[in-house]
file protein-v6.pdb (PDB, C-alpha atoms)
ATOM      1  CA  MET A 122       0.000   0.000   0.000
ATOM      2  CA  ALA A 123       2.658   2.479   1.043
ATOM      3  CA  ALA A 124       4.613   1.656  -2.102
ATOM      4  CA  LEU A 125       1.640   2.554  -4.296
ATOM      5  CA  ILE A 126       1.134   5.878  -2.547
ATOM      6  CA  ARG A 127       4.811   6.682  -2.860
ATOM      7  CA  LEU A 128       4.851   5.732  -6.517
ATOM      8  CA  SER A 129       2.052   8.134  -7.423
ATOM      9  CA  SER A 130       3.610  11.014  -5.509
ATOM     10  CA  VAL A 131       6.971  10.319  -7.063
ATOM     11  CA  CYS A 132       5.965   9.898 -10.671
ATOM     12  CA  ARG A 133       6.580  13.588 -11.219
ATOM     13  CA  ARG A 134      10.018  13.478  -9.632
ATOM     14  CA  GLY A 135      11.137  10.207 -11.244
ATOM     15  CA  VAL A 136      11.768   6.729  -9.789
ATOM     16  CA  LYS A 137      15.341   7.204  -8.453
ATOM     17  CA  PRO A 138      14.446   9.354  -5.444
ATOM     18  CA  LEU A 139      11.952   6.613  -4.520
ATOM     19  CA  PHE A 140      14.724   4.370  -3.279
ATOM     20  CA  TYR A 141      16.218   7.002  -1.061
ATOM     21  CA  GLN A 142      13.063   7.721   0.831
ATOM     22  CA  SER A 143      13.632   6.464   4.353
ATOM     23  CA  THR A 144      10.260   4.764   4.747
ATOM     24  CA  LEU A 145      10.991   2.391   1.892
ATOM     25  CA  LEU A 146      14.545   1.654   2.951
ATOM     26  CA  VAL A 147      13.633   0.790   6.527
ATOM     27  CA  ARG A 148      10.430  -1.102   5.931
ATOM     28  CA  PRO A 149      10.977  -4.638   4.664
ATOM     29  CA  LEU A 150       7.485  -5.730   3.756
ATOM     30  CA  ALA A 151       7.544  -9.171   5.306
ATOM     31  CA  VAL A 152       8.676  -8.090   8.777
ATOM     32  CA  PRO A 153       5.994  -7.237  11.358
ATOM     33  CA  HIS A 154       5.687  -3.644  12.489
ATOM     34  CA  LYS A 155       7.392  -3.905  15.867
ATOM     35  CA  HIS A 156      10.673  -5.081  14.370
ATOM     36  CA  GLN A 157      11.149  -1.904  12.365
ATOM     37  CA  GLU A 158      12.435   0.284  15.130
ATOM     38  CA  GLN A 159      14.709  -2.113  17.031
ATOM     39  CA  PRO A 160      16.196  -4.665  14.702
ATOM     40  CA  TYR A 161      18.972  -5.461  17.163
ATOM     41  CA  LEU A 162      16.542  -6.452  19.906
ATOM     42  CA  LEU A 163      15.171  -9.172  17.650
ATOM     43  CA  THR A 164      18.001 -11.434  18.707
ATOM     44  CA  ALA A 165      16.729 -11.254  22.257
ATOM     45  CA  ARG A 166      13.290 -12.280  21.134
ATOM     46  CA  ILE A 167      14.521 -15.613  19.867
ATOM     47  CA  HIS A 168      12.984 -18.345  21.949
ATOM     48  CA  SER A 169      15.092 -19.456  24.860
ATOM     49  CA  SER A 170      14.891 -23.057  23.794
ATOM     50  CA  GLN A 171      17.683 -22.189  21.398
ATOM     51  CA  ALA A 172      19.883 -23.575  24.158
ATOM     52  CA  LEU A 173      18.255 -26.955  23.727
ATOM     53  CA  TYR A 174      19.397 -27.070  20.145
ATOM     54  CA  ALA A 175      22.909 -26.112  21.076
ATOM     55  CA  SER A 176      23.285 -28.712  23.817
ATOM     56  CA  GLY A 177      22.476 -31.861  21.848
ATOM     57  CA  SER A 178      19.915 -33.708  19.808
ATOM     58  CA  ASN A 179      16.773 -35.442  21.007
ATOM     59  CA  SER A 180      16.835 -38.877  19.415
ATOM     60  CA  ALA A 181      13.563 -40.165  20.863
ATOM     61  CA  ALA A 182      11.719 -39.870  17.576
ATOM     62  CA  SER A 183      14.362 -41.592  15.486
ATOM     63  CA  LEU A 184      14.759 -44.356  18.074
ATOM     64  CA  HIS A 185      11.008 -44.879  17.954
ATOM     65  CA  TRP A 186      11.186 -45.100  14.179
ATOM     66  CA  THR A 187      13.891 -47.761  14.362
ATOM     67  CA  ALA A 188      12.003 -49.704  17.016
ATOM     68  CA  GLU A 189       8.917 -49.724  14.777
ATOM     69  CA  ARG A 190      10.906 -51.281  11.921
ATOM     70  CA  VAL A 191      12.606 -53.827  14.194
ATOM     71  CA  LEU A 192       9.219 -54.877  15.554
ATOM     72  CA  SER A 193       7.819 -55.210  12.033
ATOM     73  CA  ILE A 194      10.644 -57.546  11.047
ATOM     74  CA  LEU A 195      10.173 -59.522  14.279
ATOM     75  CA  LEU A 196       6.468 -59.870  13.559
ATOM     76  CA  LEU A 197       7.226 -61.087  10.039
ATOM     77  CA  ALA A 198       9.497 -63.789  11.466
ATOM     78  CA  MET A 199       6.793 -64.901  13.905
ATOM     79  CA  GLY A 200       4.494 -65.922  11.079
ATOM     80  CA  PRO A 201       6.388 -69.034   9.950
ATOM     81  CA  VAL A 202       7.271 -69.896  13.544
ATOM     82  CA  ALA A 203       3.589 -69.815  14.480
ATOM     83  CA  TYR A 204       2.790 -72.086  11.564
ATOM     84  CA  PHE A 205       5.561 -74.637  12.013
ATOM     85  CA  SER A 206       5.827 -74.782  15.793
ATOM     86  CA  PRO A 207       2.699 -73.484  17.510
ATOM     87  CA  GLY A 208       2.629 -73.266  21.283
ATOM     88  CA  PRO A 209       2.301 -70.953  24.277
ATOM     89  CA  VAL A 210       5.630 -69.156  23.748
ATOM     90  CA  ILE A 211       4.736 -68.049  20.243
ATOM     91  CA  ASP A 212       1.162 -67.342  21.374
ATOM     92  CA  TYR A 213       2.244 -64.792  23.963
ATOM     93  CA  SER A 214       4.965 -63.377  21.704
ATOM     94  CA  LEU A 215       2.393 -62.902  18.980
ATOM     95  CA  ALA A 216       0.003 -61.251  21.430
ATOM     96  CA  ALA A 217       2.688 -58.765  22.462
ATOM     97  CA  ALA A 218       4.067 -58.074  18.995
ATOM     98  CA  LEU A 219       0.653 -57.783  17.352
ATOM     99  CA  THR A 220      -0.639 -55.401  20.011
ATOM    100  CA  LEU A 221       2.455 -53.219  19.979
ATOM    101  CA  HIS A 222       2.649 -53.092  16.177
ATOM    102  CA  GLY A 223      -1.012 -52.091  16.055
ATOM    103  CA  HIS A 224      -0.546 -49.574  18.850
ATOM    104  CA  TRP A 225       2.361 -47.858  17.133
ATOM    105  CA  GLY A 226       0.590 -47.989  13.782
ATOM    106  CA  LEU A 227      -2.562 -46.346  15.130
ATOM    107  CA  GLY A 228      -0.294 -43.869  16.909
ATOM    108  CA  GLN A 229       0.984 -42.731  13.508
ATOM    109  CA  VAL A 230      -2.582 -42.410  12.254
ATOM    110  CA  VAL A 231      -3.426 -40.202  15.247
ATOM    111  CA  THR A 232      -0.333 -38.076  14.625
ATOM    112  CA  ASP A 233      -1.324 -37.609  11.001
ATOM    113  CA  TYR A 234      -4.975 -36.748  11.397
ATOM    114  CA  VAL A 235      -5.556 -35.414  14.905
ATOM    115  CA  HIS A 236      -4.569 -31.806  15.579
ATOM    116  CA  GLY A 237      -4.749 -29.612  18.638
ATOM    117  CA  ASP A 238      -3.112 -30.369  21.972
ATOM    118  CA  THR A 239      -6.234 -31.525  23.840
ATOM    119  CA  LYS A 240      -7.514 -33.674  21.003
ATOM    120  CA  ILE A 241      -4.117 -35.300  20.557
ATOM    121  CA  LYS A 242      -3.911 -36.080  24.260
ATOM    122  CA  LEU A 243      -7.425 -37.531  24.305
ATOM    123  CA  ALA A 244      -6.773 -39.653  21.232
ATOM    124  CA  ASN A 245      -3.565 -41.041  22.668
ATOM    125  CA  VAL A 246      -5.212 -41.881  25.996
ATOM    126  CA  GLY A 247      -8.000 -43.658  24.141
ATOM    127  CA  LEU A 248      -5.472 -45.514  22.029
ATOM    128  CA  PHE A 249      -3.505 -46.555  25.092
ATOM    129  CA  LEU A 250      -6.685 -47.902  26.697
ATOM    130  CA  LEU A 251      -7.574 -49.812  23.547
ATOM    131  CA  SER A 252      -4.129 -51.390  23.313
ATOM    132  CA  THR A 253      -4.122 -52.316  26.994
ATOM    133  CA  ILE A 254      -7.512 -54.001  26.663
ATOM    134  CA  THR A 255      -6.349 -55.755  23.493
ATOM    135  CA  PHE A 256      -3.221 -57.136  25.114
ATOM    136  CA  THR A 257      -5.150 -58.189  28.206
ATOM    137  CA  GLY A 258      -7.765 -59.917  26.104
ATOM    138  CA  LEU A 259      -5.212 -61.746  23.991
ATOM    139  CA  CYS A 260      -3.276 -62.928  27.048
ATOM    140  CA  TYR A 261      -6.526 -64.001  28.680
ATOM    141  CA  PHE A 262      -7.388 -65.928  25.535
ATOM    142  CA  ASN A 263      -3.964 -67.556  25.488
ATOM    143  CA  TYR A 264      -4.246 -68.546  29.135
ATOM    144  CA  ASN A 265      -7.882 -69.573  29.443
ATOM    145  CA  ASP A 266      -8.711 -70.689  25.960
ATOM    146  CA  VAL A 267      -7.069 -72.480  23.055
ATOM    147  CA  GLY A 268      -4.487 -69.783  22.261
ATOM    148  CA  ILE A 269      -3.891 -67.729  19.091
ATOM    149  CA  CYS A 270      -2.174 -70.370  16.931
ATOM    150  CA  LYS A 271      -4.766 -73.038  17.690
ATOM    151  CA  ALA A 272      -7.554 -70.529  17.184
ATOM    152  CA  VAL A 273      -6.371 -69.712  13.670
ATOM    153  CA  ALA A 274      -5.939 -73.412  12.871
ATOM    154  CA  LEU A 275      -9.436 -74.211  14.123
ATOM    155  CA  LEU A 276     -10.966 -71.285  12.278
ATOM    156  CA  TRP A 277      -9.405 -72.354   9.000
ATOM    157  CA  SER A 278     -10.414 -75.979   9.364
ATOM    158  CA  LYS A 279     -14.017 -74.817   9.198
TER     159      LYS A 279
ATOM    160  CA  MET B 164      22.019   3.961  -9.863
ATOM    161  CA  THR B 165      20.698   0.921 -11.639
ATOM    162  CA  LEU B 166      18.270  -1.479 -10.071
ATOM    163  CA  GLY B 167      21.095  -3.974  -9.535
ATOM    164  CA  ARG B 168      23.064  -1.527  -7.426
ATOM    165  CA  GLN B 169      19.879  -0.788  -5.544
ATOM    166  CA  SER B 170      19.598  -4.397  -4.435
ATOM    167  CA  ILE B 171      23.123  -4.268  -3.006
ATOM    168  CA  CYS B 172      22.126  -1.129  -1.104
ATOM    169  CA  LEU B 173      19.293  -3.125   0.340
ATOM    170  CA  ALA B 174      21.819  -5.388   2.034
ATOM    171  CA  LYS B 175      22.828  -2.534   4.309
ATOM    172  CA  PRO B 176      22.471  -2.765   8.119
ATOM    173  CA  GLN B 177      18.933  -1.375   8.040
ATOM    174  CA  TYR B 178      18.016  -4.531   6.210
ATOM    175  CA  SER B 179      19.912  -6.834   8.531
ATOM    176  CA  VAL B 180      16.582  -7.080  10.286
ATOM    177  CA  LEU B 181      15.591  -9.442   7.474
ATOM    178  CA  TYR B 182      18.518 -11.719   8.240
ATOM    179  CA  ARG B 183      17.836 -11.461  11.959
ATOM    180  CA  HIS B 184      14.305 -12.492  11.241
ATOM    181  CA  ALA B 185      15.636 -15.400   9.217
ATOM    182  CA  ALA B 186      17.752 -16.603  12.137
ATOM    183  CA  PRO B 187      17.053 -20.215  13.187
ATOM    184  CA  MET B 188      13.817 -20.445  15.153
ATOM    185  CA  GLY B 189      14.283 -21.480  18.743
ATOM    186  CA  SER B 190      10.998 -23.396  18.944
ATOM    187  CA  THR B 191      10.636 -27.047  18.068
ATOM    188  CA  ALA B 192       8.992 -28.415  14.962
ATOM    189  CA  LYS B 193       6.162 -29.728  17.101
ATOM    190  CA  GLU B 194       5.516 -26.269  18.570
ATOM    191  CA  GLU B 195       5.522 -24.738  15.126
ATOM    192  CA  MET B 196       3.092 -27.342  13.863
ATOM    193  CA  ASN B 197       0.758 -26.826  16.783
ATOM    194  CA  LYS B 198       0.858 -23.044  16.335
ATOM    195  CA  PHE B 199      -0.008 -23.487  12.681
ATOM    196  CA  TRP B 200      -2.952 -25.783  13.408
ATOM    197  CA  ASP B 201      -4.198 -23.590  16.252
ATOM    198  CA  LYS B 202      -4.219 -20.662  13.860
ATOM    199  CA  ASN B 203      -6.120 -22.696  11.288
ATOM    200  CA  VAL B 204      -8.764 -23.610  13.845
ATOM    201  CA  ARG B 205      -8.927 -20.088  15.240
ATOM    202  CA  LEU B 206      -9.458 -18.498  11.832
ATOM    203  CA  ASN B 207     -11.845 -21.304  10.873
ATOM    204  CA  ARG B 208      -9.915 -21.875   7.693
ATOM    205  CA  PRO B 209     -11.467 -24.280   5.195
ATOM    206  CA  MET B 210      -9.384 -27.232   4.030
ATOM    207  CA  SER B 211      -7.985 -26.968   0.523
ATOM    208  CA  PRO B 212      -9.397 -29.648  -1.756
ATOM    209  CA  HIS B 213      -6.833 -32.403  -2.099
ATOM    210  CA  ILE B 214      -8.127 -35.936  -2.554
ATOM    211  CA  THR B 215     -11.218 -34.615  -4.308
ATOM    212  CA  ILE B 216      -9.237 -32.915  -7.069
ATOM    213  CA  TYR B 217      -5.897 -34.688  -7.346
ATOM    214  CA  LYS B 218      -5.659 -37.494  -9.859
ATOM    215  CA  TRP B 219      -5.431 -40.825  -8.059
ATOM    216  CA  SER B 220      -2.394 -42.951  -8.776
ATOM    217  CA  VAL B 221      -1.587 -46.577  -8.008
ATOM    218  CA  PRO B 222       1.038 -45.689  -5.368
ATOM    219  CA  MET B 223      -1.460 -43.355  -3.685
ATOM    220  CA  MET B 224      -4.129 -46.022  -3.582
ATOM    221  CA  MET B 225      -1.733 -48.653  -2.351
ATOM    222  CA  SER B 226      -0.556 -46.362   0.405
ATOM    223  CA  ILE B 227      -4.020 -45.668   1.751
ATOM    224  CA  MET B 228      -4.861 -49.352   1.336
ATOM    225  CA  HIS B 229      -1.898 -50.169   3.540
ATOM    226  CA  ARG B 230      -3.219 -47.820   6.178
ATOM    227  CA  GLY B 231      -6.789 -49.039   5.764
ATOM    228  CA  THR B 232      -5.849 -52.715   6.060
ATOM    229  CA  GLY B 233      -3.683 -51.876   9.074
ATOM    230  CA  ILE B 234      -6.533 -50.123  10.832
ATOM    231  CA  GLY B 235      -8.919 -52.916   9.883
ATOM    232  CA  LEU B 236      -6.625 -55.657  11.114
ATOM    233  CA  THR B 237      -5.928 -53.861  14.397
ATOM    234  CA  GLY B 238      -9.659 -53.313  14.835
ATOM    235  CA  ALA B 239     -10.330 -56.983  14.239
ATOM    236  CA  VAL B 240      -7.656 -58.062  16.721
ATOM    237  CA  SER B 241      -8.981 -55.636  19.325
ATOM    238  CA  ALA B 242     -12.555 -56.769  18.745
ATOM    239  CA  PHE B 243     -11.443 -60.382  19.126
ATOM    240  CA  ALA B 244      -9.584 -59.583  22.357
ATOM    241  CA  MET B 245     -12.564 -57.718  23.798
ATOM    242  CA  ALA B 246     -14.890 -60.563  22.833
ATOM    243  CA  ALA B 247     -12.557 -63.001  24.582
ATOM    244  CA  LEU B 248     -12.816 -60.928  27.751
ATOM    245  CA  VAL B 249     -16.548 -60.346  27.647
ATOM    246  CA  LEU B 250     -18.173 -63.452  26.154
ATOM    247  CA  PRO B 251     -18.835 -66.311  28.580
ATOM    248  CA  GLY B 252     -18.278 -69.374  26.366
ATOM    249  CA  SER B 253     -15.065 -70.814  24.999
ATOM    250  CA  TYR B 254     -13.697 -70.337  21.485
ATOM    251  CA  PRO B 255     -14.585 -73.868  20.239
ATOM    252  CA  TYR B 256     -18.117 -73.275  21.533
ATOM    253  CA  TYR B 257     -18.584 -70.190  19.390
ATOM    254  CA  LEU B 258     -16.907 -71.860  16.447
ATOM    255  CA  ASP B 259     -19.414 -74.720  16.644
ATOM    256  CA  LEU B 260     -22.155 -72.123  16.882
ATOM    257  CA  ILE B 261     -21.024 -70.612  13.578
ATOM    258  CA  HIS B 262     -20.698 -74.127  12.102
ATOM    259  CA  SER B 263     -24.263 -74.896  12.996
ATOM    260  CA  LEU B 264     -25.463 -71.886  11.046
ATOM    261  CA  SER B 265     -24.698 -73.878   7.856
ATOM    262  CA  ILE B 266     -23.330 -70.889   6.011
ATOM    263  CA  GLY B 267     -22.367 -72.761   2.867
ATOM    264  CA  PRO B 268     -19.071 -73.009   1.027
ATOM    265  CA  PHE B 269     -19.386 -69.830  -1.021
ATOM    266  CA  LEU B 270     -19.918 -67.498   1.931
ATOM    267  CA  THR B 271     -17.334 -69.389   3.969
ATOM    268  CA  GLY B 272     -14.825 -68.936   1.163
ATOM    269  CA  LEU B 273     -15.733 -65.269   0.929
ATOM    270  CA  ALA B 274     -15.190 -64.824   4.659
ATOM    271  CA  LYS B 275     -11.816 -66.563   4.440
ATOM    272  CA  PHE B 276     -10.844 -64.327   1.539
ATOM    273  CA  GLY B 277     -12.049 -61.331   3.542
ATOM    274  CA  ILE B 278      -9.666 -62.217   6.353
ATOM    275  CA  ALA B 279      -6.791 -63.410   4.196
ATOM    276  CA  PHE B 280      -6.671 -60.497   1.767
ATOM    277  CA  PRO B 281      -6.115 -57.626   4.237
ATOM    278  CA  LEU B 282      -3.531 -59.699   6.052
ATOM    279  CA  SER B 283      -1.668 -60.681   2.875
ATOM    280  CA  TYR B 284      -1.790 -57.216   1.375
ATOM    281  CA  HIS B 285      -0.620 -55.530   4.552
ATOM    282  CA  THR B 286       2.179 -58.085   4.975
ATOM    283  CA  TYR B 287       3.499 -57.892   1.417
ATOM    284  CA  ASN B 288       3.184 -54.116   1.233
ATOM    285  CA  GLY B 289       4.824 -53.999   4.659
ATOM    286  CA  ILE B 290       7.840 -55.796   3.198
ATOM    287  CA  ARG B 291       7.827 -53.238   0.361
ATOM    288  CA  HIS B 292       7.836 -50.476   2.996
ATOM    289  CA  LEU B 293      10.762 -52.116   4.775
ATOM    290  CA  CYS B 294      12.678 -52.196   1.490
ATOM    291  CA  TRP B 295      12.083 -48.449   1.198
ATOM    292  CA  ASP B 296      13.322 -48.008   4.748
ATOM    293  CA  PHE B 297      16.569 -49.620   3.653
ATOM    294  CA  GLY B 298      16.715 -47.189   0.765
ATOM    295  CA  LYS B 299      15.798 -49.628  -1.965
ATOM    296  CA  GLY B 300      13.192 -49.373  -4.671
ATOM    297  CA  PHE B 301      12.555 -45.648  -4.855
ATOM    298  CA  LYS B 302      12.857 -45.205  -8.614
ATOM    299  CA  ILE B 303       9.410 -44.587 -10.044
ATOM    300  CA  PRO B 304       9.379 -47.682 -12.307
ATOM    301  CA  GLU B 305      10.455 -49.740  -9.282
ATOM    302  CA  VAL B 306       7.677 -48.251  -7.167
ATOM    303  CA  TYR B 307       5.159 -49.362  -9.766
ATOM    304  CA  SER B 308       6.652 -52.802 -10.423
ATOM    305  CA  THR B 309       6.975 -53.669  -6.737
ATOM    306  CA  GLY B 310       3.479 -52.291  -6.256
ATOM    307  CA  TYR B 311       1.947 -54.542  -8.883
ATOM    308  CA  THR B 312       3.932 -57.467  -7.480
ATOM    309  CA  VAL B 313       2.444 -56.842  -4.045
ATOM    310  CA  ILE B 314      -1.073 -56.700  -5.456
ATOM    311  CA  GLY B 315      -0.548 -59.871  -7.484
ATOM    312  CA  LEU B 316       0.978 -61.797  -4.600
ATOM    313  CA  SER B 317      -1.784 -60.662  -2.251
ATOM    314  CA  VAL B 318      -4.524 -61.893  -4.561
ATOM    315  CA  LEU B 319      -2.747 -65.202  -5.189
ATOM    316  CA  THR B 320      -2.068 -65.815  -1.501
ATOM    317  CA  SER B 321      -5.604 -64.914  -0.503
ATOM    318  CA  VAL B 322      -7.098 -67.213  -3.138
ATOM    319  CA  ALA B 323      -4.764 -70.008  -2.049
ATOM    320  CA  LEU B 324      -5.683 -69.506   1.599
ATOM    321  CA  MET B 325      -9.348 -69.401   0.681
ATOM    322  CA  MET B 326      -9.071 -72.870  -0.827
ATOM    323  CA  ILE B 327      -7.479 -74.501   2.219
TER     324      ILE B 327
END

call {"tool": "encode", "arguments": {"input": "protein-v6.pdb", "output": "structure tokens"}}
result
Amino acid sequence: MAALIRLSSVCRRGVKPLFYQSTLLVRPLAVPHKHQEQPYLLTARIHSSQALYASGSNSAASLHWTAERVLSILLLAMGPVAYFSPGPVIDYSLAAALTLHGHWGLGQVVTDYVHGDTKIKLANVGLFLLSTITFTGLCYFNYNDVGICKAVALLWSK
Amino acid sequence: MTLGRQSICLAKPQYSVLYRHAAPMGSTAKEEMNKFWDKNVRLNRPMSPHITIYKWSVPMMMSIMHRGTGIGLTGAVSAFAMAALVLPGSYPYYLDLIHSLSIGPFLTGLAKFGIAFPLSYHTYNGIRHLCWDFGKGFKIPEVYSTGYTVIGLSVLTSVALMMI
């Protein structure tokens, strides 16, 4: 806006003086108003968590990523084991791996589609509850009933 | 002075405010993301059309299928676990109950295919994902060829499992 006003007033005098007018030199268009007067104080405004960056990296996210892939490979390996040597060990391992793989997978879905601090928290609590119930149920089934491997075998013999 | 010389003038200290403003942000990516989404909600911004206007591609469909089958499988496992906790009878009891309904071979086969296909697809595509995680198979022709392989294998495996 200011540029347009300046342009019209300057057309008579020519374009060159335009660049020497102080308002245009000092006002970069993208910077908010308050930064005009004290550019040097901007450094102080930088968030204090800058120190966090300087001290070291947070590898929680990348470790989680790696753990997800390791679990996926583990779960893949459990398939043949469950088929060739069914039993309680593989039943409980499958219960744990299946639940955790599903929990982490749904966690990614929540991260992708749920936004807003409260909603994210709620979704994750709900997810945690679901996974806990799932693991409990599967372990209960393994203990009190035929177990996962046998259940699949029986279902398919139908 | 020419316009070129003008741009050099613009690099003077008065303009260092631009560089100061471009200094690395001290807040985390998560904070930035949350601020962005809070602003979206606050201003009640409508969502840009994306899936309604963008041309669907095989990789796109396979990706959402992977997510869909994952959610479906997890839902099924959770439902099974909850049923195990809540229902009074034993598993063989309920299996016999379903047997007695005399569903017929066609519907039984369909049900088996319905269980086998999501599992096969998610497993094979999961292996494809793991290959990507190791850095392999990113060239576009490879993405398509591995994709079609996954689809083919899934159908074959599901049909085979349906017959058992």

call {"tool": "residues_near_point", "arguments": {"input": "protein-v6.pdb", "point": "(10.6, -51.3, 11.5)", "cutoff": "12 Å", "atoms": "all atoms listed in the file", "output": "list in words"}}
result
Ser183, Leu184, His185, Trp186, Thr187, Ala188, Glu189, Arg190, Val191, Leu192, Ser193, Ile194, Leu195, Leu196, Leu197, Leu221, His222, Trp225 and Gly226 of chain A; Gly289, Ile290, Arg291, His292, Leu293, Cys294, Trp295, Asp296 and Phe297 of chain B

call {"tool": "residues_near_point", "arguments": {"input": "protein-v6.pdb", "point": "(-3.1, -52.3, 6.9)", "cutoff": "10 Å", "atoms": "all atoms listed in the file", "output": "ChimeraX atom specification"}}
result
/A:223,226 /B:226-237,281-286,288-289

call {"tool": "resolve_selection", "arguments": {"input": "protein-v6.pdb", "expression": "the PyMOL selection byres ((chain A and resi 261) around 12)", "output": "list in words"}}
result
Asp212, Tyr213, Ala216, Ile254, Thr255, Phe256, Thr257, Gly258, Leu259, Cys260, Phe262, Asn263, Tyr264, Asn265, Asp266, Val267, Gly268 and Ile269 of chain A; Phe243, Ala244, Met245, Ala246, Ala247, Leu248, Val249, Leu250, Ser253 and Tyr254 of chain B

call {"tool": "closest_residue", "arguments": {"input": "protein-v6.pdb", "among": "B:Val306, B:Ser321, B:Val221, B:Ile327", "to": "chain A", "atoms": "all atoms listed in the file"}}
result
B:Ile327

call {"tool": "closest_residue", "arguments": {"input": "protein-v6.pdb", "among": "A:Ile211, A:Ala203, A:Leu243, A:Ala182", "to": "chain B", "atoms": "only C-alpha atoms"}}
result
A:Ala182

call {"tool": "decode", "arguments": {"input": "protein-v6.pdb", "residues": "region 184-195 of chain A", "atoms": "N, CA and C atoms", "output": "compact mmCIF listing (two decimals), in the first residue's frame"}}
result
# COMPACT_ATOMS: atom_id res chain seq x y z
N LEU A 184 14.69 -43.04 17.42
CA LEU A 184 14.76 -44.36 18.07
C LEU A 184 13.42 -45.07 17.95
N HIS A 185 12.34 -44.30 18.10
CA HIS A 185 11.01 -44.88 17.95
C HIS A 185 10.83 -45.46 16.55
N TRP A 186 11.27 -44.67 15.58
CA TRP A 186 11.19 -45.10 14.18
C TRP A 186 11.90 -46.44 13.99
N THR A 187 13.11 -46.53 14.50
CA THR A 187 13.89 -47.76 14.36
C THR A 187 13.19 -48.92 15.06
N ALA A 188 12.69 -48.66 16.26
CA ALA A 188 12.00 -49.70 17.02
C ALA A 188 10.80 -50.23 16.25
N GLU A 189 10.07 -49.30 15.58
CA GLU A 189 8.92 -49.72 14.78
C GLU A 189 9.34 -50.71 13.70
N ARG A 190 10.46 -50.40 13.01
CA ARG A 190 10.91 -51.28 11.92
C ARG A 190 11.39 -52.61 12.47
N VAL A 191 12.12 -52.58 13.59
CA VAL A 191 12.61 -53.83 14.19
C VAL A 191 11.43 -54.72 14.56
N LEU A 192 10.41 -54.11 15.17
CA LEU A 192 9.22 -54.88 15.55
C LEU A 192 8.53 -55.48 14.34
N SER A 193 8.45 -54.70 13.25
CA SER A 193 7.82 -55.21 12.03
C SER A 193 8.54 -56.45 11.53
N ILE A 194 9.87 -56.40 11.52
CA ILE A 194 10.64 -57.55 11.05
C ILE A 194 10.44 -58.74 11.98
N LEU A 195 10.41 -58.47 13.29
CA LEU A 195 10.17 -59.52 14.28
C LEU A 195 8.83 -60.19 14.03
